[in-house]
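Structure data (PDB, C-alpha atoms) from structure-v1.pdb:
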```pdb
ATOM      1  CA  PRO A   1      73.796  26.685  48.604
ATOM      2  CA  HIS A   2      71.299  29.444  49.207
ATOM      3  CA  PRO A   3      70.286  31.360  46.046
ATOM      4  CA  HIS A   4      71.365  34.992  45.784
ATOM      5  CA  ARG A   5      68.628  36.156  43.443
ATOM      6  CA  MET A   6      65.318  35.058  42.006
ATOM      7  CA  PRO A   7      63.804  35.517  38.544
ATOM      8  CA  PRO A   8      60.471  37.293  38.047
ATOM      9  CA  LEU A   9      57.795  35.441  39.958
ATOM     10  CA  LEU A  10      54.044  35.142  39.451
ATOM     11  CA  ILE A  11      52.130  33.480  42.269
ATOM     12  CA  ILE A  12      48.598  32.377  41.429
ATOM     13  CA  HIS A  13      46.634  30.965  44.321
ATOM     14  CA  SER A  14      43.090  30.368  45.473
ATOM     15  CA  ARG A  15      42.073  31.739  48.837
ATOM     16  CA  GLY A  16      39.953  28.603  49.285
ATOM     17  CA  ASP A  17      42.745  26.102  48.625
ATOM     18  CA  GLU A  18      42.700  23.453  51.340
ATOM     19  CA  ILE A  19      45.546  21.395  49.827
ATOM     20  CA  VAL A  20      48.229  24.090  49.630
ATOM     21  CA  PRO A  21      47.506  26.768  52.224
ATOM     22  CA  LEU A  22      47.581  30.424  51.252
ATOM     23  CA  SER A  23      50.286  30.899  53.893
ATOM     24  CA  ASP A  24      52.634  28.824  51.685
ATOM     25  CA  ALA A  25      52.105  31.178  48.757
ATOM     26  CA  LEU A  26      52.661  34.211  50.973
ATOM     27  CA  HIS A  27      55.802  32.614  52.426
ATOM     28  CA  LEU A  28      57.135  32.126  48.882
ATOM     29  CA  ALA A  29      56.442  35.820  48.225
ATOM     30  CA  ASP A  30      58.448  36.720  51.337
ATOM     31  CA  ILE A  31      61.351  34.578  50.135
ATOM     32  CA  ALA A  32      61.281  36.330  46.756
ATOM     33  CA  ARG A  33      61.324  39.738  48.439
ATOM     34  CA  SER A  34      64.301  38.686  50.565
ATOM     35  CA  LEU A  35      66.081  37.970  47.276
ATOM     36  CA  LYS A  36      65.224  41.428  45.873
ATOM     37  CA  THR A  37      62.387  40.239  43.616
ATOM     38  CA  GLU A  38      58.930  41.736  44.010
ATOM     39  CA  PRO A  39      56.509  38.938  43.166
ATOM     40  CA  VAL A  40      53.232  39.448  41.365
ATOM     41  CA  ILE A  41      50.494  37.814  43.415
ATOM     42  CA  GLU A  42      47.069  36.963  42.019
ATOM     43  CA  LEU A  43      44.572  35.549  44.501
ATOM     44  CA  TYR A  44      41.234  34.101  43.455
ATOM     45  CA  ASP A  45      38.009  33.623  45.421
ATOM     46  CA  GLY A  46      35.256  31.097  44.875
ATOM     47  CA  THR A  47      37.457  28.162  43.918
ATOM     48  CA  ASP A  48      39.664  25.615  45.618
ATOM     49  CA  HIS A  49      42.991  23.986  44.701
ATOM     50  CA  VAL A  50      42.184  23.690  40.992
ATOM     51  CA  LEU A  51      41.050  26.949  39.449
ATOM     52  CA  MET A  52      37.890  26.492  37.410
ATOM     53  CA  GLY A  53      35.571  28.644  35.324
ATOM     54  CA  ALA A  54      36.100  32.393  35.351
ATOM     55  CA  ALA A  55      39.027  32.119  37.784
ATOM     56  CA  ALA A  56      40.863  29.735  35.434
ATOM     57  CA  ILE A  57      40.243  31.997  32.446
ATOM     58  CA  ALA A  58      41.458  35.057  34.372
ATOM     59  CA  ALA A  59      44.524  33.202  35.667
ATOM     60  CA  ASN A  60      45.456  32.008  32.165
ATOM     61  CA  ALA A  61      45.224  35.563  30.846
ATOM     62  CA  ARG A  62      47.370  36.781  33.770
ATOM     63  CA  VAL A  63      50.022  34.162  32.980
ATOM     64  CA  ASP A  64      50.072  35.299  29.341
ATOM     65  CA  ASP A  65      50.506  38.943  30.382
ATOM     66  CA  PHE A  66      53.158  38.101  32.967
ATOM     67  CA  LEU A  67      55.231  36.071  30.502
ATOM     68  CA  ALA A  68      54.915  38.722  27.809
ATOM     69  CA  ASP A  69      56.257  41.319  30.263
ATOM     70  CA  ALA A  70      58.958  39.074  31.754
ATOM     71  CA  LEU A  71      60.266  37.941  28.373
ATOM     72  CA  ARG A  72      60.181  41.349  26.698
ATOM     73  CA  LEU A  73      63.612  42.425  25.601
ATOM     74  CA  PRO A  74      64.737  45.856  26.785
ATOM     75  CA  ASP A  75      64.854  48.621  24.216
ATOM     76  CA  PRO A  76      68.319  48.974  22.652
TER
END
```
Take the structure from the file and write it as C-alpha cells.
Amino acid sequence: PHPHRMPPLLIIHSRGDEIVPLSDALHLADIARSLKTEPVIELYDGTDHVLMGAAAIAANARVDDFLADALRLPDP
C-alpha cells in the first residue's frame, strides 16, 4: 500500500554524485512533499558520491542538528 505520511526527512547529497543522480534526491523530496512533509535538503559541492573532507564534517554536523530537532519532545 501507498504510505499516507512520512517522518521528518533530511536529504544529504553531492551535486557531483555520478552514482546516484541529484534528480533522485530531488524526486525523493517531491515524494515527501506529496505526503505533507517538508524535507530538509543539504547539497554539497566539490565532492562526489562519498562526502569527504569539509563536506563530510559539515554533513555530520547537519545530521546531528537534524536528529536533535526531530527527536526533541514537545514542551508539556
Can you tell me, as a PyMOL selection string, what residues are no more than 10 Å from Asn60 of chain A when counting only C-alpha atoms, ignoring any on the same chain fewer than 5 positions away? chain A and resi 12+51+54-55+65-66
Once the PyMOL selection byres ((chain A and resi 13-22) around 8) is applied to the coordinates I shared, what remains selected? I want it as a list in words. Ile11, Ile12, Ser23, Asp24, Ala25, Leu26, Ile41, Glu42, Leu43, Tyr44, Asp45, Gly46, Thr47, Asp48, His49 and Leu51 of chain A
Could you expand the PyMOL selection byres ((chain A and resi 32) around 12) into the explicit residues it covers here, written as a PyMOL selection string? chain A and resi 3-11+25-31+33-41
Padded axis-aligned box of segment 54-63 of chain A (5 Å per side), centre and edge lengths, Å, one decimal, as JSON:
```
{"center_x": 43.1, "center_y": 33.3, "center_z": 34.3, "size_x": 23.9, "size_y": 17.0, "size_z": 16.9}
```
Output of segment 33-48 of chain A limited to all heavy atoms, as a short mmCIF file (atom, residue, chain, number, x, y, z; two decimals), in the first residue's frame:
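Output file decode_3.cif is given in full below:
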```cif
data_model
loop_
_atom_site.label_atom_id
_atom_site.label_comp_id
_atom_site.auth_asym_id
_atom_site.auth_seq_id
_atom_site.Cartn_x
_atom_site.Cartn_y
_atom_site.Cartn_z
N ARG A 33 7.07 15.86 -0.01
CA ARG A 33 6.12 16.99 -0.03
C ARG A 33 4.70 16.51 -0.35
O ARG A 33 3.73 17.02 0.20
CB ARG A 33 6.57 18.03 -1.03
CG ARG A 33 7.77 18.80 -0.57
CD ARG A 33 8.13 19.93 -1.56
NE ARG A 33 9.44 20.43 -1.24
CZ ARG A 33 10.54 20.12 -1.93
NH1 ARG A 33 10.48 19.34 -3.00
NH2 ARG A 33 11.71 20.62 -1.56
N SER A 34 4.59 15.51 -1.23
CA SER A 34 3.26 15.00 -1.57
C SER A 34 2.61 14.32 -0.36
O SER A 34 1.40 14.15 -0.32
CB SER A 34 3.32 14.04 -2.76
OG SER A 34 3.84 12.78 -2.37
N LEU A 35 3.45 13.92 0.60
CA LEU A 35 2.96 13.29 1.82
C LEU A 35 2.97 14.27 3.00
O LEU A 35 3.01 13.87 4.16
CB LEU A 35 3.79 12.04 2.14
CG LEU A 35 3.69 10.94 1.09
CD1 LEU A 35 4.71 9.85 1.36
CD2 LEU A 35 2.28 10.36 1.06
N LYS A 36 2.96 15.56 2.69
CA LYS A 36 2.84 16.63 3.68
C LYS A 36 4.03 16.73 4.62
O LYS A 36 3.90 17.14 5.77
CB LYS A 36 1.54 16.50 4.49
CG LYS A 36 0.29 16.34 3.68
CD LYS A 36 0.05 17.54 2.80
CE LYS A 36 -1.30 17.44 2.12
NZ LYS A 36 -1.24 17.55 0.70
N THR A 37 5.22 16.36 4.14
CA THR A 37 6.45 16.53 4.90
C THR A 37 7.39 17.42 4.10
O THR A 37 7.65 17.13 2.93
CB THR A 37 7.14 15.17 5.16
OG1 THR A 37 6.29 14.39 6.00
CG2 THR A 37 8.49 15.35 5.83
N GLU A 38 7.85 18.49 4.71
CA GLU A 38 8.81 19.36 4.03
C GLU A 38 10.21 18.86 4.36
O GLU A 38 10.66 18.96 5.50
CB GLU A 38 8.64 20.82 4.48
CG GLU A 38 9.53 21.78 3.73
CD GLU A 38 9.30 21.77 2.21
OE1 GLU A 38 8.15 21.63 1.75
OE2 GLU A 38 10.29 21.90 1.48
N PRO A 39 10.90 18.30 3.38
CA PRO A 39 12.23 17.76 3.66
C PRO A 39 13.26 18.87 3.86
O PRO A 39 13.10 19.98 3.36
CB PRO A 39 12.55 16.97 2.40
CG PRO A 39 11.80 17.67 1.33
CD PRO A 39 10.54 18.16 1.98
N VAL A 40 14.29 18.55 4.59
CA VAL A 40 15.46 19.42 4.71
C VAL A 40 16.47 18.87 3.70
O VAL A 40 16.79 17.68 3.74
CB VAL A 40 16.03 19.38 6.14
CG1 VAL A 40 17.30 20.20 6.23
CG2 VAL A 40 14.98 19.85 7.14
N ILE A 41 16.94 19.73 2.82
CA ILE A 41 17.85 19.29 1.77
C ILE A 41 19.18 20.03 1.92
O ILE A 41 19.20 21.26 1.98
CB ILE A 41 17.27 19.55 0.37
CG1 ILE A 41 15.91 18.89 0.21
CG2 ILE A 41 18.25 19.08 -0.70
CD1 ILE A 41 15.18 19.25 -1.06
N GLU A 42 20.24 19.26 2.03
CA GLU A 42 21.60 19.81 2.10
C GLU A 42 22.37 19.29 0.90
O GLU A 42 22.55 18.07 0.76
CB GLU A 42 22.28 19.38 3.40
CG GLU A 42 21.63 19.92 4.66
CD GLU A 42 21.80 21.42 4.84
OE1 GLU A 42 22.83 21.97 4.40
OE2 GLU A 42 20.90 22.04 5.42
N LEU A 43 22.80 20.19 0.05
CA LEU A 43 23.57 19.82 -1.14
C LEU A 43 25.00 20.31 -0.99
O LEU A 43 25.23 21.43 -0.51
CB LEU A 43 22.93 20.42 -2.39
CG LEU A 43 21.49 20.01 -2.66
CD1 LEU A 43 20.95 20.75 -3.88
CD2 LEU A 43 21.37 18.51 -2.83
N TYR A 44 25.94 19.49 -1.40
CA TYR A 44 27.35 19.81 -1.24
C TYR A 44 28.05 19.82 -2.60
O TYR A 44 27.78 18.99 -3.46
CB TYR A 44 28.02 18.79 -0.30
CG TYR A 44 27.49 18.91 1.10
CD1 TYR A 44 26.39 18.16 1.51
CD2 TYR A 44 28.05 19.80 1.99
CE1 TYR A 44 25.88 18.29 2.79
CE2 TYR A 44 27.54 19.94 3.28
CZ TYR A 44 26.46 19.18 3.67
OH TYR A 44 25.94 19.33 4.94
N ASP A 45 28.95 20.79 -2.76
CA ASP A 45 29.76 20.91 -3.97
C ASP A 45 31.16 20.37 -3.69
O ASP A 45 31.58 20.25 -2.53
CB ASP A 45 29.88 22.39 -4.38
CG ASP A 45 28.56 22.96 -4.84
OD1 ASP A 45 27.88 22.30 -5.64
OD2 ASP A 45 28.21 24.07 -4.40
N GLY A 46 31.89 20.09 -4.75
CA GLY A 46 33.29 19.73 -4.64
C GLY A 46 33.55 18.32 -4.15
O GLY A 46 34.65 18.01 -3.69
N THR A 47 32.57 17.45 -4.24
CA THR A 47 32.74 16.06 -3.83
C THR A 47 31.85 15.20 -4.71
O THR A 47 31.02 15.71 -5.45
CB THR A 47 32.43 15.90 -2.32
OG1 THR A 47 32.78 14.60 -1.89
CG2 THR A 47 30.98 16.21 -2.01
N ASP A 48 32.06 13.89 -4.63
CA ASP A 48 31.24 13.01 -5.46
C ASP A 48 30.32 12.16 -4.58
O ASP A 48 29.76 12.67 -3.62
CB ASP A 48 32.10 12.17 -6.41
CG ASP A 48 33.19 11.39 -5.69
OD1 ASP A 48 33.07 11.16 -4.47
OD2 ASP A 48 34.16 11.00 -6.34
#
```
